[in-house]
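Colleague: Enclosed is the structure file query.txt (compact mmCIF, C-alpha atoms and all ligand atoms).
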```
# COMPACT_ATOMS: atom_id res chain seq x y z
CA MET A 1 63.10 218.19 237.17
CA PRO A 2 60.03 216.50 238.61
CA PHE A 3 58.18 217.90 241.62
CA GLU A 4 60.14 217.43 244.82
CA HIS A 5 58.85 217.36 248.37
CA PRO A 6 60.30 216.07 251.64
CA ASP A 7 57.01 214.26 252.41
CA PRO A 8 56.91 211.20 250.11
CA GLN A 9 53.10 211.17 249.84
CA VAL A 10 52.90 214.85 248.97
CA GLN A 11 55.68 214.31 246.44
CA ALA A 12 53.95 211.30 244.88
CA PHE A 13 50.65 213.17 244.63
CA GLY A 14 52.35 216.29 243.25
CA ARG A 15 54.12 214.23 240.61
CA ARG A 16 50.85 212.63 239.56
CA VAL A 17 49.24 216.05 239.13
CA GLU A 18 52.33 217.31 237.32
CA ALA A 19 52.25 214.41 234.87
CA GLU A 20 48.55 214.84 234.16
CA PHE A 21 48.63 218.64 233.87
CA SER A 22 51.82 219.18 231.92
CA ASP A 23 50.03 219.30 228.56
CA GLU A 24 47.10 221.36 229.86
CA ALA A 25 46.64 224.57 227.85
CA SER A 26 43.45 225.88 229.47
CA GLY A 27 45.10 228.25 231.97
CA HIS A 28 45.12 225.38 234.46
CA ASP A 29 48.56 224.17 233.57
CA TRP A 30 50.97 222.56 236.03
CA TRP A 31 52.78 225.83 236.68
CA HIS A 32 49.54 227.44 237.85
CA VAL A 33 49.13 224.51 240.26
CA TRP A 34 52.76 224.84 241.34
CA ARG A 35 52.39 228.58 242.06
CA VAL A 36 49.19 227.99 244.02
CA TRP A 37 51.02 225.31 246.03
CA ARG A 38 53.87 227.74 246.83
CA LEU A 39 51.47 230.48 247.90
CA ALA A 40 49.27 228.10 249.90
CA ARG A 41 52.28 226.74 251.77
CA ARG A 42 53.43 230.23 252.66
CA ILE A 43 49.99 231.53 253.65
CA ALA A 44 49.24 228.38 255.64
CA ALA A 45 52.40 228.77 257.70
CA ALA A 46 51.72 232.44 258.37
CA GLU A 47 48.08 231.83 259.31
CA GLY A 48 48.65 228.80 261.50
CA ALA A 49 46.70 226.47 259.20
CA GLU A 50 47.53 222.81 258.76
CA VAL A 51 50.26 223.13 256.14
CA ARG A 52 50.19 219.58 254.72
CA THR A 53 46.44 219.66 254.09
CA CYS A 54 46.79 223.03 252.39
CA GLU A 55 49.65 221.77 250.25
CA LEU A 56 47.73 218.70 249.10
CA ALA A 57 44.58 220.73 248.46
CA ALA A 58 46.54 223.32 246.48
CA LEU A 59 48.14 220.59 244.37
CA GLY A 60 44.73 218.99 243.81
CA HIS A 61 42.49 222.05 243.55
CA ASP A 62 42.02 221.94 239.76
CA VAL A 63 42.00 218.16 239.26
CA GLU A 64 38.21 218.00 239.02
CA ASP A 65 37.67 221.47 237.54
CA HIS A 66 34.58 221.12 235.36
CA LYS A 67 36.35 222.70 232.37
CA LEU A 68 38.85 219.86 232.34
CA GLY A 69 36.21 217.14 232.32
CA ARG A 70 37.73 214.61 234.72
CA PRO A 71 35.13 212.43 236.42
CA ALA A 72 34.19 212.83 240.10
CA GLY A 73 36.37 210.58 242.21
CA THR A 74 39.54 211.27 240.25
CA LEU A 75 41.07 213.39 242.99
CA ALA A 76 40.29 210.83 245.72
CA ALA A 77 41.78 208.07 243.57
CA TRP A 78 45.02 209.99 242.95
CA LEU A 79 45.35 210.80 246.67
CA ALA A 80 44.81 207.14 247.58
CA GLU A 81 47.38 206.02 245.00
CA ALA A 82 49.89 208.43 246.56
CA GLY A 83 49.28 206.80 249.94
CA VAL A 84 47.42 209.71 251.56
CA ASP A 85 45.20 208.51 254.41
CA GLU A 86 41.44 208.64 253.97
CA ALA A 87 40.70 211.30 256.56
CA THR A 88 43.20 213.74 255.03
CA ALA A 89 42.03 212.85 251.52
CA ALA A 90 38.43 213.60 252.48
CA ARG A 91 39.41 217.05 253.75
CA VAL A 92 41.41 217.73 250.58
CA VAL A 93 38.51 216.71 248.33
CA GLU A 94 36.10 218.90 250.30
CA ILE A 95 38.40 221.92 249.89
CA ALA A 96 38.99 221.30 246.18
CA GLN A 97 35.26 221.05 245.52
CA ARG A 98 34.59 224.35 247.23
CA VAL A 99 37.52 226.13 245.56
CA SER A 100 36.43 225.17 242.07
CA PHE A 101 32.73 225.82 242.62
CA LYS A 102 31.89 229.12 240.96
CA GLY A 103 28.14 229.64 241.03
CA ALA A 104 27.34 233.15 239.83
CA GLY A 105 26.61 235.49 242.70
CA VAL A 106 26.78 232.67 245.25
CA PRO A 107 28.53 233.80 248.42
CA ASP A 108 31.57 231.63 248.82
CA ALA A 109 31.14 229.55 251.92
CA MET A 110 34.51 228.25 252.97
CA PRO A 111 34.13 226.81 256.45
CA THR A 112 37.71 225.74 257.14
CA LEU A 113 40.85 227.83 257.50
CA GLU A 114 42.67 225.41 255.16
CA GLY A 115 40.00 225.96 252.49
CA ARG A 116 40.28 229.71 252.86
CA VAL A 117 44.06 229.51 252.49
CA VAL A 118 43.86 227.52 249.25
CA GLN A 119 41.13 229.71 247.78
CA ASP A 120 43.20 232.80 248.59
CA ALA A 121 46.24 231.24 246.91
CA ASP A 122 44.23 230.36 243.78
CA ARG A 123 42.81 233.89 243.59
CA LEU A 124 46.22 235.49 244.13
CA ASP A 125 47.51 233.64 241.07
CA ALA A 126 44.87 235.43 238.97
CA ILE A 127 46.15 238.90 239.87
CA GLY A 128 49.41 240.86 239.79
CA ALA A 129 52.00 240.39 237.06
CA ILE A 130 51.08 236.72 236.71
CA GLY A 131 47.41 237.66 236.48
CA VAL A 132 48.18 240.09 233.63
CA ALA A 133 50.04 237.37 231.75
CA ARG A 134 47.28 234.80 232.32
CA ALA A 135 44.52 237.16 231.21
CA PHE A 136 46.22 237.99 227.90
CA ALA A 137 47.21 234.37 227.36
CA TYR A 138 43.61 233.27 227.93
CA GLY A 139 42.25 235.92 225.56
CA GLY A 140 44.91 235.16 222.96
CA ALA A 141 44.07 231.47 223.01
CA ARG A 142 40.47 232.44 222.15
CA GLY A 143 41.47 234.92 219.46
CA ARG A 144 40.29 237.93 221.43
CA LEU A 145 41.54 241.49 221.12
CA LEU A 146 43.85 242.89 223.78
CA TYR A 147 41.41 245.76 224.19
CA ASP A 148 38.44 247.11 222.29
CA PRO A 149 37.46 250.71 223.07
CA HIS A 150 34.03 250.08 221.54
CA GLU A 151 33.09 247.68 224.28
CA ALA A 152 33.99 249.99 227.17
CA PRO A 153 31.51 249.33 229.98
CA GLU A 154 29.97 252.80 229.87
CA ARG A 155 28.77 252.20 226.31
CA HIS A 156 26.36 249.49 227.44
CA ALA A 157 22.92 249.93 228.94
CA SER A 158 23.84 247.85 231.95
CA PHE A 159 26.66 245.84 233.35
CA GLU A 160 24.70 242.70 232.44
CA ALA A 161 24.40 243.85 228.83
CA TYR A 162 28.11 244.56 228.73
CA ARG A 163 28.97 241.16 230.19
CA LYS A 164 27.21 239.45 227.30
CA THR A 165 29.68 240.92 224.82
CA ASN A 166 32.62 238.83 223.74
CA SER A 167 34.92 240.84 225.95
CA SER A 168 38.46 241.80 225.15
CA SER A 169 41.16 240.64 227.52
CA LEU A 170 41.43 244.06 229.14
CA MET A 171 37.77 243.94 230.12
CA HIS A 172 38.46 240.86 232.22
CA PHE A 173 40.28 243.12 234.65
CA TYR A 174 37.07 245.04 235.31
CA GLU A 175 34.84 241.94 235.29
CA LYS A 176 36.89 239.96 237.74
CA LEU A 177 40.52 240.72 238.44
CA PHE A 178 40.03 244.11 240.12
CA LEU A 179 37.36 242.56 242.37
CA LEU A 180 39.54 239.81 243.79
CA LYS A 181 41.49 241.81 246.37
CA ASP A 182 38.30 242.35 248.37
CA ARG A 183 37.54 238.62 248.34
CA MET A 184 40.62 237.44 250.18
CA HIS A 185 39.89 235.62 253.42
CA THR A 186 43.20 235.76 255.27
CA PRO A 187 45.24 238.80 256.35
CA THR A 188 48.37 237.32 254.76
CA ALA A 189 46.67 237.00 251.38
CA ARG A 190 45.05 240.41 251.73
CA ALA A 191 48.47 242.00 252.10
CA LEU A 192 49.83 240.16 249.05
CA ALA A 193 46.68 241.01 247.09
CA ALA A 194 47.00 244.71 247.89
CA GLU A 195 50.45 244.80 246.28
CA ARG A 196 49.35 242.76 243.28
CA HIS A 197 46.25 244.90 242.86
CA ALA A 198 48.26 248.14 242.92
CA PHE A 199 50.58 246.70 240.28
CA MET A 200 47.63 245.76 238.03
CA GLU A 201 46.03 249.16 238.41
CA ALA A 202 49.25 250.88 237.42
CA TYR A 203 49.63 248.42 234.55
CA VAL A 204 46.15 249.06 233.15
CA GLN A 205 46.54 252.82 233.53
CA ARG A 206 49.79 252.65 231.62
CA PHE A 207 48.26 250.34 229.00
CA LEU A 208 45.44 252.82 228.34
CA ASP A 209 47.84 255.80 228.24
CA GLU A 210 49.99 253.99 225.68
CA TRP A 211 46.87 252.92 223.75
CA GLU A 212 45.90 256.57 223.29
CA GLY A 213 49.47 257.60 222.49
CA TYR A 214 49.76 259.69 225.63
CA ALA A 215 52.74 257.82 227.00
P1 LIG A 301 40.34 229.64 237.93
O1 LIG A 301 39.79 228.29 237.57
O2 LIG A 301 41.81 229.62 238.27
O3 LIG A 301 39.54 230.40 238.95
P2 LIG A 301 39.50 230.50 235.27
O4 LIG A 301 39.37 229.13 234.72
O5 LIG A 301 38.27 231.33 235.36
O6 LIG A 301 40.26 230.57 236.65
O7 LIG A 301 40.57 231.24 234.42
C1 LIG A 301 41.89 230.81 234.27
C2 LIG A 301 42.76 232.04 233.99
O8 LIG A 301 42.28 232.71 232.83
C3 LIG A 301 42.69 233.09 235.12
O9 LIG A 301 43.93 233.74 235.26
C4 LIG A 301 41.64 234.06 234.63
O10 LIG A 301 41.81 235.36 235.15
C5 LIG A 301 41.84 234.01 233.14
N1 LIG A 301 40.56 234.29 232.46
C6 LIG A 301 39.37 233.69 232.68
N2 LIG A 301 38.40 234.24 231.91
C7 LIG A 301 39.01 235.20 231.18
C8 LIG A 301 38.58 236.14 230.21
N3 LIG A 301 37.31 236.21 229.81
N4 LIG A 301 39.50 236.98 229.68
C9 LIG A 301 40.79 236.94 230.07
N5 LIG A 301 41.26 236.09 230.99
C10 LIG A 301 40.40 235.22 231.54
NI NI A 302 43.29 227.29 239.98
```
How does the structure come out when it is put into structure tokens?

Modeller:
Amino acid sequence: MPFEHPDPQVQAFGRRVEAEFSDEASGHDWWHVWRVWRLARRIAAAEGAEVRTCELAALGHDVEDHKLGRPAGTLAAWLAEAGVDEATAARVVEIAQRVSFKGAGVPDAMPTLEGRVVQDADRLDAIGAIGVARAFAYGGARGRLLYDPHEAPERHASFEAYRKTNSSSLMHFYEKLFLLKDRMHTPTARALAAERHAFMEAYVQRFLDEWEGYA
């Protein structure tokens, strides 16, 4: 069933994204977008952010992701085609650009509450049970091992040296996923992240116990 929304412009935009993303296998598939939309809507309402802007930005946040190679202007064009007014579209584009920008070590400046809501939603979808599934799916798509004891971080001279290895999927938890709970902007997302983080920690502990044959 195609994306449904009581607001016809949000629905039209969502359906455009759905159509374009449904054969995306890069970890940026439509269902990732859909989950981020659900979380953004919920967090926006709880935080008093402008819900419609957050919904549109969540639906559009990966449209111009550099890994997907769509040209600049694609997001604005899709919003215009869905009938979204220019002022709202401009805010949505601004948020999407900041959410997808991932300069190494660059502090993430997110000046609007709506931007912080969408970034929190995107980060939440990388952790918890969904995060576990996405990490192993990503690694599997690249032919990586689930885990490789020989590349445990303590075996490398430095964290930088370790990062240069072709990490197993489990290492992604230490590189990124365990760090995300402290990067949430909003209290609502922080509470959700705490639960998801605890689940992942228990999961990885259990994984390593089973790996060694202890459990
Ligand atoms: P996003 O664009 O949503 O911030 P990425 O494009 O970095 O995320 O990754 C998409 C998904 O794949 C995320 O769930 C992320 O945790 C996972 N992922 C990214 N890099 C790796 C990796 N090296 N190993 C395992 N999973 C990864
Ligand atoms: Ni995303």

Colleague: If you take only C-alpha atoms and all ligand atoms and a cut-off of 6 Å, which residues of chain A touch ligand LIG 301 (chain A), and what are their nearest atom pairs and distances in Å to one decimal, in chain and number order, as a Markdown table?

Modeller:
```
| residue | atom | partner | partner_atom | distance |
| --- | --- | --- | --- | --- |
| A:Gly27 | CA | A:LIG301 | C1 | 4.7 |
| A:Ala126 | CA | A:LIG301 | O9 | 4.2 |
| A:Gly131 | CA | A:LIG301 | O9 | 5.4 |
| A:Arg134 | CA | A:LIG301 | O9 | 4.6 |
| A:Ala135 | CA | A:LIG301 | N5 | 3.4 |
| A:Phe136 | CA | A:LIG301 | C9 | 5.9 |
| A:Tyr138 | CA | A:LIG301 | N5 | 4.8 |
| A:Gly139 | CA | A:LIG301 | C9 | 4.8 |
| A:Ser169 | CA | A:LIG301 | C9 | 4.5 |
| A:His172 | CA | A:LIG301 | N4 | 4.8 |
```

Colleague: With a cut-off of 8 Å, could you pull out the residues of chain A touching ligand NI 302 (chain A) and give me the nearest pair of atoms for each, distance in Å to one decimal, using all atoms listed in the file, ordered by chain and ascending number, as CSV?

Modeller:
```
residue,atom,partner,partner_atom,distance
A:His28,CA,A:NI302,NI,6.1
A:His32,CA,A:NI302,NI,6.6
A:Val33,CA,A:NI302,NI,6.5
A:Val36,CA,A:NI302,NI,7.2
A:His61,CA,A:NI302,NI,6.4
A:Asp62,CA,A:NI302,NI,5.5
A:Ser100,CA,A:NI302,NI,7.5
A:Asp122,CA,A:NI302,NI,5.0
A:Arg123,CA,A:NI302,NI,7.5
A:Asp125,CA,A:NI302,NI,7.7
```

Colleague: How many Å separate CA of Arg142 in chain A from CA of Trp211 in chain A?

Modeller: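 It comes out at 21.5 Å.
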
Colleague: Counting all atoms listed in the file, give me one row per residue of range 31-131 of chain A with an atom at most 12 Å from an atom of range 175-187 of chain A, showing the shortest contact pair and its distance in Å to one decimal, sorted by chain then residue number, as a Markdown table.

Modeller:
```
| residue | atom | partner | partner_atom | distance |
| --- | --- | --- | --- | --- |
| A:Ala40 | CA | A:Thr186 | CA | 11.2 |
| A:Arg42 | CA | A:Thr186 | CA | 11.9 |
| A:Ile43 | CA | A:Thr186 | CA | 8.2 |
| A:Ala44 | CA | A:Thr186 | CA | 9.5 |
| A:Ala45 | CA | A:Thr186 | CA | 11.8 |
| A:Ala46 | CA | A:Pro187 | CA | 9.3 |
| A:Glu47 | CA | A:Thr186 | CA | 7.5 |
| A:Gly48 | CA | A:Thr186 | CA | 10.8 |
| A:Ala49 | CA | A:Thr186 | CA | 10.7 |
| A:Ala104 | CA | A:Lys176 | CA | 11.9 |
| A:Pro107 | CA | A:Arg183 | CA | 10.2 |
| A:Asp108 | CA | A:Arg183 | CA | 9.2 |
| A:Ala109 | CA | A:His185 | CA | 10.8 |
| A:Met110 | CA | A:His185 | CA | 9.1 |
| A:Pro111 | CA | A:His185 | CA | 11.0 |
| A:Thr112 | CA | A:His185 | CA | 10.8 |
| A:Leu113 | CA | A:Thr186 | CA | 8.6 |
| A:Glu114 | CA | A:Thr186 | CA | 10.4 |
| A:Gly115 | CA | A:His185 | CA | 9.7 |
| A:Arg116 | CA | A:His185 | CA | 5.9 |
| A:Val117 | CA | A:Thr186 | CA | 6.9 |
| A:Val118 | CA | A:His185 | CA | 9.9 |
| A:Gln119 | CA | A:Met184 | CA | 8.1 |
| A:Asp120 | CA | A:Met184 | CA | 5.5 |
| A:Ala121 | CA | A:Met184 | CA | 9.0 |
| A:Asp122 | CA | A:Met184 | CA | 10.2 |
| A:Arg123 | CA | A:Leu180 | CA | 6.8 |
| A:Leu124 | CA | A:Leu180 | CA | 8.0 |
| A:Asp125 | CA | A:Leu177 | CA | 10.3 |
| A:Ala126 | CA | A:Leu177 | CA | 6.9 |
| A:Ile127 | CA | A:Leu177 | CA | 6.1 |
| A:Gly128 | CA | A:Leu177 | CA | 9.0 |
| A:Ala129 | CA | A:Leu177 | CA | 11.6 |
| A:Ile130 | CA | A:Leu177 | CA | 11.4 |
| A:Gly131 | CA | A:Leu177 | CA | 7.8 |
```

Colleague: May I ask which of the residues A:Ala191, A:Tyr214, A:Ser167, A:Pro8 is the closest one to Gly83 in chain A, counting all atoms listed in the file?

Modeller: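 Among A:Ala191, A:Tyr214, A:Ser167, A:Pro8, it is A:Pro8 that comes nearest to Gly83 in chain A.
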
Colleague: What's around Ser168 in chain A at 6 Å? Count only C-alpha atoms, leave out sequence neighbours fewer than 4 positions away in its own chain, and write the answer as a list in words.

Modeller: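 After dropping sequence-adjacent residues, the list is Arg144, Leu145, Leu146 and Tyr147 of chain A.
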
Colleague: Name the closest residue to Leu56 in chain A among the candidates A:Glu151, A:Asp29, A:Glu94, A:Glu20; distances are taken between atoms, counting only C-alpha atoms.

Modeller: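 Closest to Leu56 in chain A, using only C-alpha atoms: A:Glu94.
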